[in-house]
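Everything below belongs to target_35.cif, which stores mmCIF, C-alpha atoms.
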data_final
loop_
_atom_site.group_PDB
_atom_site.id
_atom_site.type_symbol
_atom_site.label_atom_id
_atom_site.label_comp_id
_atom_site.auth_asym_id
_atom_site.auth_seq_id
_atom_site.Cartn_x
_atom_site.Cartn_y
_atom_site.Cartn_z
ATOM 1 C CA MET A 1 29.386 213.551 24.473
ATOM 2 C CA THR A 2 31.260 210.868 26.411
ATOM 3 C CA LYS A 3 29.395 207.557 26.565
ATOM 4 C CA GLY A 4 29.564 205.553 29.794
ATOM 5 C CA LEU A 5 28.175 202.055 30.331
ATOM 6 C CA PHE A 6 27.355 201.157 33.943
ATOM 7 C CA VAL A 7 26.479 197.633 35.056
ATOM 8 C CA GLY A 8 25.193 196.830 38.513
ATOM 9 C CA LEU A 9 22.731 197.302 41.309
ATOM 10 C CA ALA A 10 19.595 199.458 41.379
ATOM 11 C CA THR A 11 17.772 199.880 44.699
ATOM 12 C CA LEU A 12 15.254 202.236 46.233
ATOM 13 C CA ASP A 13 16.826 204.273 49.029
ATOM 14 C CA VAL A 14 14.475 205.664 51.681
ATOM 15 C CA ILE A 15 16.520 208.300 53.507
ATOM 16 C CA GLN A 16 15.698 210.026 56.805
ATOM 17 C CA LEU A 17 17.662 212.699 58.656
ATOM 18 C CA VAL A 18 17.711 212.210 62.439
ATOM 19 C CA GLU A 19 19.293 213.870 65.463
ATOM 20 C CA LYS A 20 20.461 210.475 66.709
ATOM 21 C CA LEU A 21 19.849 206.820 66.030
ATOM 22 C CA PRO A 22 16.925 205.367 67.993
ATOM 23 C CA ALA A 23 17.566 203.189 71.011
ATOM 24 C CA GLU A 24 15.842 199.843 71.460
ATOM 25 C CA ASN A 25 12.038 200.301 71.629
ATOM 26 C CA GLU A 26 12.420 204.048 71.051
ATOM 27 C CA LYS A 27 10.388 206.005 68.504
ATOM 28 C CA ILE A 28 11.903 209.158 67.036
ATOM 29 C CA ARG A 29 10.787 211.792 64.563
ATOM 30 C CA ALA A 30 12.815 212.477 61.417
ATOM 31 C CA LEU A 31 14.029 216.002 60.679
ATOM 32 C CA ASP A 32 13.812 215.473 56.920
ATOM 33 C CA PHE A 33 12.946 212.716 54.457
ATOM 34 C CA THR A 34 13.584 211.829 50.826
ATOM 35 C CA PHE A 35 13.883 208.832 48.540
ATOM 36 C CA ALA A 36 15.813 208.079 45.360
ATOM 37 C CA ALA A 37 17.268 205.271 43.316
ATOM 38 C CA GLY A 38 20.380 203.862 44.930
ATOM 39 C CA GLY A 39 23.080 201.278 44.390
ATOM 40 C CA PRO A 40 26.741 201.884 43.505
ATOM 41 C CA ALA A 41 26.432 201.641 39.713
ATOM 42 C CA SER A 42 23.151 203.588 39.668
ATOM 43 C CA ASN A 43 24.529 206.520 41.642
ATOM 44 C CA ALA A 44 27.746 206.460 39.631
ATOM 45 C CA ALA A 45 25.699 206.707 36.434
ATOM 46 C CA VAL A 46 23.789 209.686 37.854
ATOM 47 C CA ALA A 47 27.037 211.491 38.702
ATOM 48 C CA PHE A 48 28.431 210.723 35.243
ATOM 49 C CA ALA A 49 25.328 212.052 33.483
ATOM 50 C CA HIS A 50 25.364 215.386 35.339
ATOM 51 C CA GLY A 51 27.179 218.492 34.096
ATOM 52 C CA TYR A 52 29.146 220.481 36.692
ATOM 53 C CA SER A 53 29.115 224.103 35.564
ATOM 54 C CA LYS A 54 30.643 225.350 38.822
ATOM 55 C CA LEU A 55 33.593 222.974 38.674
ATOM 56 C CA GLY A 56 34.608 223.514 35.069
ATOM 57 C CA ALA A 57 37.825 221.620 34.330
ATOM 58 C CA GLY A 58 36.163 219.661 31.526
ATOM 59 C CA LEU A 59 33.280 218.500 33.738
ATOM 60 C CA GLU A 60 30.672 220.976 32.462
ATOM 61 C CA ASP A 61 29.044 218.744 29.848
ATOM 62 C CA ARG A 62 26.555 215.993 30.544
ATOM 63 C CA GLY A 63 27.630 212.417 29.976
ATOM 64 C CA ASP A 64 25.590 209.855 28.063
ATOM 65 C CA ALA A 65 25.002 207.265 30.799
ATOM 66 C CA VAL A 66 23.437 203.849 30.241
ATOM 67 C CA LEU A 67 22.726 201.568 33.219
ATOM 68 C CA VAL A 68 22.233 197.829 32.843
ATOM 69 C CA THR A 69 20.473 196.299 35.834
ATOM 70 C CA ARG A 70 17.453 194.349 37.113
ATOM 71 C CA ILE A 71 14.350 196.211 38.320
ATOM 72 C CA SER A 72 11.054 194.840 39.634
ATOM 73 C CA ASP A 73 7.750 195.330 37.831
ATOM 74 C CA ASP A 74 5.957 197.060 40.702
ATOM 75 C CA ARG A 75 5.685 200.477 42.327
ATOM 76 C CA ILE A 76 9.164 200.146 43.823
ATOM 77 C CA GLY A 77 10.573 199.502 40.370
ATOM 78 C CA GLU A 78 8.609 202.433 38.955
ATOM 79 C CA LEU A 79 10.101 204.801 41.525
ATOM 80 C CA ILE A 80 13.611 203.598 40.688
ATOM 81 C CA ARG A 81 13.018 204.056 36.957
ATOM 82 C CA GLU A 82 11.439 207.483 37.385
ATOM 83 C CA ASP A 83 14.333 208.810 39.444
ATOM 84 C CA LEU A 84 17.045 207.491 37.130
ATOM 85 C CA GLU A 85 15.307 208.776 34.008
ATOM 86 C CA LYS A 86 14.758 212.154 35.668
ATOM 87 C CA ASN A 87 18.506 212.271 36.246
ATOM 88 C CA HIS A 88 19.300 211.531 32.587
ATOM 89 C CA VAL A 89 20.294 207.881 32.979
ATOM 90 C CA ARG A 90 19.099 205.601 30.181
ATOM 91 C CA LEU A 91 18.084 202.123 31.308
ATOM 92 C CA LYS A 92 18.495 198.640 29.929
ATOM 93 C CA ALA A 93 16.724 196.763 32.684
ATOM 94 C CA SER A 94 15.587 193.165 32.932
ATOM 95 C CA THR A 95 12.356 192.703 34.854
ATOM 96 C CA LEU A 96 12.527 190.671 38.044
ATOM 97 C CA PRO A 97 10.091 187.718 38.171
ATOM 98 C CA GLY A 98 6.587 188.294 39.514
ATOM 99 C CA ASN A 99 6.251 189.020 43.235
ATOM 100 C CA THR A 100 9.986 189.763 43.471
ATOM 101 C CA SER A 101 10.713 193.362 44.429
ATOM 102 C CA SER A 102 13.866 195.376 43.949
ATOM 103 C CA THR A 103 15.968 195.928 47.056
ATOM 104 C CA VAL A 104 14.691 198.646 49.389
ATOM 105 C CA ALA A 105 17.259 200.276 51.676
ATOM 106 C CA THR A 106 16.303 202.317 54.730
ATOM 107 C CA ILE A 107 18.969 204.855 55.657
ATOM 108 C CA LEU A 108 19.190 206.964 58.807
ATOM 109 C CA VAL A 109 21.572 209.918 58.498
ATOM 110 C CA THR A 110 22.776 211.497 61.757
ATOM 111 C CA GLN A 111 22.524 215.281 61.481
ATOM 112 C CA SER A 112 25.567 216.186 63.574
ATOM 113 C CA THR A 113 28.057 213.960 61.717
ATOM 114 C CA GLY A 114 26.567 213.109 58.331
ATOM 115 C CA ASP A 115 27.231 209.434 59.070
ATOM 116 C CA ARG A 116 24.639 206.899 57.991
ATOM 117 C CA ALA A 117 23.184 203.601 59.148
ATOM 118 C CA VAL A 118 21.761 201.338 56.441
ATOM 119 C CA VAL A 119 19.283 198.457 56.566
ATOM 120 C CA SER A 120 18.471 196.727 53.285
ATOM 121 C CA ALA A 121 15.982 194.035 52.345
ATOM 122 C CA THR A 122 17.000 191.914 49.372
ATOM 123 C CA ASP A 123 14.770 189.226 47.900
ATOM 124 C CA GLN A 124 16.798 186.005 47.825
ATOM 125 C CA ARG A 125 14.659 184.145 45.282
ATOM 126 C CA LYS A 126 16.167 183.161 41.946
ATOM 127 C CA LEU A 127 16.627 186.219 39.761
ATOM 128 C CA ALA A 128 15.552 186.504 36.157
ATOM 129 C CA PRO A 129 18.329 186.383 33.594
ATOM 130 C CA ALA A 130 19.845 189.772 32.947
ATOM 131 C CA TYR A 131 20.249 191.236 29.491
ATOM 132 C CA SER A 132 22.668 189.348 27.322
ATOM 133 C CA ALA A 133 25.721 191.381 26.467
ATOM 134 C CA LEU A 134 24.826 190.571 22.871
ATOM 135 C CA ASP A 135 21.912 193.000 23.291
ATOM 136 C CA ILE A 136 24.298 195.795 24.279
ATOM 137 C CA GLU A 137 26.582 197.509 21.794
ATOM 138 C CA VAL A 138 29.513 197.602 24.200
ATOM 139 C CA GLU A 139 31.846 198.727 21.438
ATOM 140 C CA ASN A 140 29.973 202.037 21.126
ATOM 141 C CA PHE A 141 30.900 203.175 24.646
ATOM 142 C CA ASP A 142 33.985 205.082 25.729
ATOM 143 C CA ILE A 143 34.284 203.584 29.204
ATOM 144 C CA VAL A 144 32.661 200.838 31.321
ATOM 145 C CA GLU A 145 32.092 200.828 35.099
ATOM 146 C CA THR A 146 30.695 198.041 37.248
ATOM 147 C CA ASP A 147 30.000 197.370 40.912
ATOM 148 C CA GLY A 148 30.065 193.641 40.145
ATOM 149 C CA TYR A 149 26.563 192.872 41.376
ATOM 150 C CA GLU A 150 25.174 191.714 38.006
ATOM 151 C CA THR A 151 28.006 189.221 37.757
ATOM 152 C CA ASP A 152 26.727 187.055 34.897
ATOM 153 C CA LEU A 153 26.278 190.030 32.604
ATOM 154 C CA THR A 154 29.238 192.005 33.937
ATOM 155 C CA LEU A 155 31.731 189.330 32.952
ATOM 156 C CA GLU A 156 30.407 189.269 29.382
ATOM 157 C CA VAL A 157 30.511 193.056 29.130
ATOM 158 C CA LEU A 158 34.040 193.277 30.551
ATOM 159 C CA LYS A 159 35.359 190.672 28.121
ATOM 160 C CA ARG A 160 33.881 192.531 25.162
ATOM 161 C CA ALA A 161 35.158 195.859 26.430
ATOM 162 C CA ARG A 162 38.654 194.419 26.844
ATOM 163 C CA SER A 163 38.656 193.003 23.307
ATOM 164 C CA SER A 164 37.595 196.441 22.006
ATOM 165 C CA GLY A 165 40.224 198.346 23.982
ATOM 166 C CA ILE A 166 37.637 200.131 26.149
ATOM 167 C CA THR A 167 38.752 201.132 29.655
ATOM 168 C CA THR A 168 37.032 199.170 32.439
ATOM 169 C CA VAL A 169 36.598 200.385 36.020
ATOM 170 C CA LEU A 170 35.632 198.357 39.104
ATOM 171 C CA ASP A 171 33.899 199.815 42.142
ATOM 172 C CA GLY A 172 35.165 197.426 44.811
ATOM 173 C CA GLY A 173 33.043 198.055 47.879
ATOM 174 C CA SER A 174 33.902 194.675 49.363
ATOM 175 C CA VAL A 175 35.471 191.403 48.268
ATOM 176 C CA LYS A 176 32.808 189.049 46.940
ATOM 177 C CA SER A 177 32.897 185.416 45.896
ATOM 178 C CA TYR A 178 33.067 186.356 42.215
ATOM 179 C CA THR A 179 35.545 189.259 42.448
ATOM 180 C CA GLU A 180 38.480 187.249 41.133
ATOM 181 C CA GLU A 181 36.469 186.282 38.039
ATOM 182 C CA LEU A 182 36.189 189.954 37.107
ATOM 183 C CA LEU A 183 39.678 191.231 37.953
ATOM 184 C CA PRO A 184 41.492 189.884 34.849
ATOM 185 C CA TYR A 185 39.298 192.186 32.746
ATOM 186 C CA ILE A 186 39.649 195.310 34.896
ATOM 187 C CA ASP A 187 41.920 198.238 34.023
ATOM 188 C CA VAL A 188 41.175 200.407 37.082
ATOM 189 C CA ALA A 189 40.078 199.155 40.509
ATOM 190 C CA ILE A 190 38.946 201.772 43.014
ATOM 191 C CA VAL A 191 38.201 200.001 46.268
ATOM 192 C CA SER A 192 37.107 200.834 49.794
ATOM 193 C CA GLU A 193 38.852 200.200 53.090
ATOM 194 C CA SER A 194 36.492 197.246 53.574
ATOM 195 C CA PHE A 195 37.831 195.666 50.385
ATOM 196 C CA ALA A 196 41.370 196.098 51.681
ATOM 197 C CA SER A 197 40.519 194.905 55.208
ATOM 198 C CA GLY A 198 43.324 192.924 56.830
ATOM 199 C CA HIS A 199 45.905 193.852 54.200
ATOM 200 C CA SER A 200 48.358 196.696 53.800
ATOM 201 C CA SER A 201 47.981 198.941 50.783
ATOM 202 C CA ALA A 202 51.152 197.427 49.301
ATOM 203 C CA GLU A 203 49.739 193.922 49.671
ATOM 204 C CA LEU A 204 46.468 194.956 48.067
ATOM 205 C CA PHE A 205 48.143 196.709 45.154
ATOM 206 C CA ASP A 206 50.326 193.637 44.557
ATOM 207 C CA TYR A 207 47.245 191.404 44.713
ATOM 208 C CA LEU A 208 45.440 193.494 42.094
ATOM 209 C CA ALA A 209 48.543 193.776 39.904
ATOM 210 C CA ASN A 210 48.800 189.977 39.822
ATOM 211 C CA PHE A 211 45.474 190.015 37.955
ATOM 212 C CA GLY A 212 46.760 192.649 35.539
ATOM 213 C CA VAL A 213 45.143 195.658 37.241
ATOM 214 C CA LYS A 214 47.792 198.353 36.739
ATOM 215 C CA TYR A 215 45.834 201.277 38.167
ATOM 216 C CA SER A 216 44.213 201.050 41.591
ATOM 217 C CA ALA A 217 43.190 203.249 44.493
ATOM 218 C CA ILE A 218 41.865 202.852 48.022
ATOM 219 C CA THR A 219 39.331 205.431 49.183
ATOM 220 C CA ARG A 220 39.159 206.031 52.941
ATOM 221 C CA GLY A 221 36.436 208.581 53.526
ATOM 222 C CA SER A 222 37.940 211.954 54.371
ATOM 223 C CA LYS A 223 41.462 210.511 54.665
ATOM 224 C CA GLU A 224 44.002 210.608 51.843
ATOM 225 C CA ILE A 225 43.451 208.346 48.855
ATOM 226 C CA LEU A 226 46.120 205.683 48.431
ATOM 227 C CA TYR A 227 46.976 204.839 44.836
ATOM 228 C CA SER A 228 49.140 202.739 42.574
ATOM 229 C CA ALA A 229 49.622 203.980 39.006
ATOM 230 C CA ASP A 230 51.441 201.439 36.846
ATOM 231 C CA GLY A 231 53.736 200.535 39.744
ATOM 232 C CA ILE A 232 54.138 204.048 41.164
ATOM 233 C CA THR A 233 52.472 204.430 44.571
ATOM 234 C CA GLY A 234 51.498 207.545 46.483
ATOM 235 C CA THR A 235 48.756 209.454 48.251
ATOM 236 C CA LEU A 236 46.285 212.077 47.109
ATOM 237 C CA LYS A 237 44.585 214.541 49.438
ATOM 238 C CA THR A 238 40.797 214.632 49.463
ATOM 239 C CA CYS A 239 38.795 217.847 49.266
ATOM 240 C CA LYS A 240 37.858 219.140 52.711
ATOM 241 C CA THR A 241 34.331 220.473 53.097
ATOM 242 C CA THR A 242 31.361 220.708 55.453
ATOM 243 C CA VAL A 243 29.778 217.286 55.913
ATOM 244 C CA VAL A 244 25.984 217.062 55.937
ATOM 245 C CA ASP A 245 25.316 213.586 54.539
ATOM 246 C CA THR A 246 27.902 211.016 53.415
ATOM 247 C CA LEU A 247 25.389 208.658 51.794
ATOM 248 C CA GLY A 248 26.439 207.791 48.243
ATOM 249 C CA ALA A 249 29.712 209.712 48.382
ATOM 250 C CA GLY A 250 31.735 206.695 47.292
ATOM 251 C CA ASP A 251 29.347 205.985 44.429
ATOM 252 C CA PHE A 252 29.553 209.583 43.243
ATOM 253 C CA PHE A 253 33.348 209.425 43.509
ATOM 254 C CA HIS A 254 33.315 206.521 41.062
ATOM 255 C CA GLY A 255 30.932 208.286 38.700
ATOM 256 C CA GLY A 256 33.092 211.389 38.867
ATOM 257 C CA PHE A 257 36.213 209.361 38.117
ATOM 258 C CA VAL A 258 34.631 207.725 35.079
ATOM 259 C CA LYS A 259 33.402 211.116 33.865
ATOM 260 C CA ALA A 260 36.805 212.751 34.327
ATOM 261 C CA LEU A 261 38.705 209.945 32.606
ATOM 262 C CA GLY A 262 36.158 209.598 29.807
ATOM 263 C CA LYS A 263 37.693 209.099 26.379
ATOM 264 C CA GLN A 264 41.272 209.726 27.467
ATOM 265 C CA ALA A 265 43.963 207.085 27.241
ATOM 266 C CA LEU A 266 44.733 205.588 30.644
ATOM 267 C CA THR A 267 48.116 206.841 31.877
ATOM 268 C CA ALA A 268 49.490 207.752 35.295
ATOM 269 C CA GLU A 269 48.750 211.402 34.533
ATOM 270 C CA THR A 270 45.145 210.909 33.408
ATOM 271 C CA PHE A 271 44.514 208.466 36.273
ATOM 272 C CA LEU A 272 45.673 210.896 38.969
ATOM 273 C CA ASN A 273 43.885 213.813 37.343
ATOM 274 C CA ALA A 274 40.638 211.823 37.281
ATOM 275 C CA LEU A 275 41.057 210.842 40.949
ATOM 276 C CA ALA A 276 41.475 214.507 41.897
ATOM 277 C CA LYS A 277 38.362 215.542 39.965
ATOM 278 C CA ALA A 278 36.395 212.646 41.443
ATOM 279 C CA SER A 279 37.325 213.876 44.913
ATOM 280 C CA ARG A 280 35.910 217.302 44.080
ATOM 281 C CA ILE A 281 32.628 215.792 42.892
ATOM 282 C CA ALA A 282 32.349 213.554 45.967
ATOM 283 C CA ALA A 283 32.956 216.612 48.166
ATOM 284 C CA LEU A 284 30.007 218.371 46.536
ATOM 285 C CA SER A 285 27.747 215.386 47.199
ATOM 286 C CA ILE A 286 28.178 215.432 50.988
ATOM 287 C CA GLN A 287 27.252 219.092 51.450
ATOM 288 C CA SER A 288 23.472 218.559 51.408
ATOM 289 C CA PHE A 289 20.964 216.001 52.664
ATOM 290 C CA GLY A 290 20.039 213.104 50.402
ATOM 291 C CA THR A 291 21.587 211.904 47.176
ATOM 292 C CA ARG A 292 19.988 214.285 44.670
ATOM 293 C CA LYS A 293 19.726 217.802 46.131
ATOM 294 C CA TRP A 294 23.431 218.469 45.589
ATOM 295 C CA LEU A 295 23.020 217.915 41.848
ATOM 296 C CA ALA A 296 20.487 220.734 41.581
ATOM 297 C CA GLU A 297 22.880 223.007 43.470
ATOM 298 C CA ASN A 298 25.837 222.265 41.177
#
Would it be possible to restate this file's structure as structure tokens?
Amino acid sequence: MTKGLFVGLATLDVIQLVEKLPAENEKIRALDFTFAAGGPASNAAVAFAHGYSKLGAGLEDRGDAVLVTRISDDRIGELIREDLEKNHVRLKASTLPGNTSSTVATILVTQSTGDRAVVSATDQRKLAPAYSALDIEVENFDIVETDGYETDLTLEVLKRARSSGITTVLDGGSVKSYTEELLPYIDVAIVSESFASGHSSAELFDYLANFGVKYSAITRGSKEILYSADGITGTLKTCKTTVVDTLGAGDFFHGGFVKALGKQALTAETFLNALAKASRIAALSIQSFGTRKWLAEN
């Protein structure tokens, strides 16, 4: 079984399906409702842990996923833990200090388009120290993925992974103040259009390469993926499918990529193959409402 270590954010996502977004002072009734653990690294770990019997192509087996994060010691934290454990993700979670709750995100998904609007509440008080990387046997994992949110711990983990020759993957949703601290220890950076905002793909790939990131990709929703594989650039078509709910699709893409790459050596061939398989997994995730129903269907 492939072992994946995920480091990053864990939230509680409260998700409602609506015909349209409410106007100012308008009350509307949801068509459907669900909740689940959220956050880029959390959802990626869920996708990694799942086995995809319908896809085959080496994706049938479950992955051994471990998530390192911070979770509050309250009912919100309990719901996050319960969902992740139900979805076969093992947790190494530091407890947030008393009266500090994990982030709760409220998401409205528009039925006709599958697009989502997100409002999140994050407690800004000083966070408790995360696990020390010394408490995590990084060397026992096959691959490491991070969304960068647990920066203090992430940097330690990435350094140890690099010294052990373990492939490291960055989910770059947006450029953050600490991004450049992490990049020297990243092997693969898969970033969003927001991360690349204001720069051409060539400029972005050069920027990442200057930090030693030889393999990178820009995801753009349903549009072609732009990639650079050890200096070779190109595009990769995404899987076209019926869109019901796009929430979490990028996270599941990352989890699918990490699952597909797994124990393999990182080459242009394995990189592109993993991107293609990740696209197939992300396409499955947008065919049903919420971030968990699609797993039961696949």
Within 7 Å of Ala36 (chain A) using only C-alpha atoms, minus same-chain residues under 3 positions, as JSON, numbers by chain: {"A": [12, 13, 14, 80, 83]}
Length of the CA of Cys239 (chain A) to CA of Ala283 (chain A) vector [Å]: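 If I compute the distance from CA of Cys239 (chain A) to CA of Ala283 (chain A), I get 6.1 Å.
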Expected selection from the PyMOL selection byres ((chain A and resi 118-122) around 9), given as a list in words: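 This file, filtered by the PyMOL selection byres ((chain A and resi 118-122) around 9), leaves Asp13, Ser101, Ser102, Thr103, Val104, Ala105, Thr106, Ile107, Leu108, Val109, Arg116, Ala117, Asp123 and Gln124 of chain A.
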Contacts of Arg220 (chain A) at 12 Å (only C-alpha atoms; same-chain gap of 5+ positions) as a VMD selection string: chain A and resid 173 190 to 197 201 225 to 227 235 to 238 249 to 250 253 279
Chain and number of each residue from the PyMOL selection byres ((chain A and resi 1-6) around 6), as a ChimeraX atom specification: /A:7,41,63-67,141-146
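Take CA of Val68 (chain A) and CA of Arg162 (chain A): the distance between them is 17.8 Å.
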What does the PyMOL selection byres ((chain A and resi 88-98) around 9) select in this file, as a PDB file with C-alpha atoms, keeping the file's coordinate frame?
ATOM      1  CA  SER A  42      23.151 203.588  39.668  1.00  0.00           C
ATOM      2  CA  ALA A  45      25.699 206.707  36.434  1.00  0.00           C
ATOM      3  CA  VAL A  46      23.789 209.686  37.854  1.00  0.00           C
ATOM      4  CA  PHE A  48      28.431 210.723  35.243  1.00  0.00           C
ATOM      5  CA  ALA A  49      25.328 212.052  33.483  1.00  0.00           C
ATOM      6  CA  HIS A  50      25.364 215.386  35.339  1.00  0.00           C
ATOM      7  CA  ARG A  62      26.555 215.993  30.544  1.00  0.00           C
ATOM      8  CA  GLY A  63      27.630 212.417  29.976  1.00  0.00           C
ATOM      9  CA  ASP A  64      25.590 209.855  28.063  1.00  0.00           C
ATOM     10  CA  ALA A  65      25.002 207.265  30.799  1.00  0.00           C
ATOM     11  CA  VAL A  66      23.437 203.849  30.241  1.00  0.00           C
ATOM     12  CA  LEU A  67      22.726 201.568  33.219  1.00  0.00           C
ATOM     13  CA  VAL A  68      22.233 197.829  32.843  1.00  0.00           C
ATOM     14  CA  THR A  69      20.473 196.299  35.834  1.00  0.00           C
ATOM     15  CA  ARG A  70      17.453 194.349  37.113  1.00  0.00           C
ATOM     16  CA  ILE A  71      14.350 196.211  38.320  1.00  0.00           C
ATOM     17  CA  SER A  72      11.054 194.840  39.634  1.00  0.00           C
ATOM     18  CA  ASP A  73       7.750 195.330  37.831  1.00  0.00           C
ATOM     19  CA  ASP A  74       5.957 197.060  40.702  1.00  0.00           C
ATOM     20  CA  GLY A  77      10.573 199.502  40.370  1.00  0.00           C
ATOM     21  CA  ARG A  81      13.018 204.056  36.957  1.00  0.00           C
ATOM     22  CA  ASP A  83      14.333 208.810  39.444  1.00  0.00           C
ATOM     23  CA  LEU A  84      17.045 207.491  37.130  1.00  0.00           C
ATOM     24  CA  GLU A  85      15.307 208.776  34.008  1.00  0.00           C
ATOM     25  CA  LYS A  86      14.758 212.154  35.668  1.00  0.00           C
ATOM     26  CA  ASN A  87      18.506 212.271  36.246  1.00  0.00           C
ATOM     27  CA  ASN A  99       6.251 189.020  43.235  1.00  0.00           C
ATOM     28  CA  THR A 100       9.986 189.763  43.471  1.00  0.00           C
ATOM     29  CA  SER A 101      10.713 193.362  44.429  1.00  0.00           C
ATOM     30  CA  SER A 102      13.866 195.376  43.949  1.00  0.00           C
ATOM     31  CA  LYS A 126      16.167 183.161  41.946  1.00  0.00           C
ATOM     32  CA  LEU A 127      16.627 186.219  39.761  1.00  0.00           C
ATOM     33  CA  ALA A 128      15.552 186.504  36.157  1.00  0.00           C
ATOM     34  CA  PRO A 129      18.329 186.383  33.594  1.00  0.00           C
ATOM     35  CA  ALA A 130      19.845 189.772  32.947  1.00  0.00           C
ATOM     36  CA  TYR A 131      20.249 191.236  29.491  1.00  0.00           C
ATOM     37  CA  ILE A 136      24.298 195.795  24.279  1.00  0.00           C
TER      38      ILE A 136
END
Counting all atoms listed in the file, the option among A:Gly165, A:Lys263, A:Ile286, A:Thr113 closest to Val138 (chain A):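 Using all atoms listed in the file, the shortest distance to Val138 (chain A) belongs to A:Gly165.
Take CA of Phe35 (chain A) and CA of Ala260 (chain A): the distance between them is 27.3 Å.
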Test item: which residues lie within 9 Å of (31.7, 192.9, 30.9) counting only C-alpha atoms, as an MDAnalysis selection string: chainID A and resid 7 133 138 144:146 151:162 168 182 185
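If you measure from each of A:Pro40, A:Gly248, A:Gly58, A:Gly290 to Lys277 (chain A) using only C-alpha atoms, the closest one turns out to be A:Gly58.
If only C-alpha atoms are the atoms counted, then among A:Leu204, A:Ile166, A:Leu21, A:Ala10 the closest residue to Ile186 (chain A) is A:Ile166.
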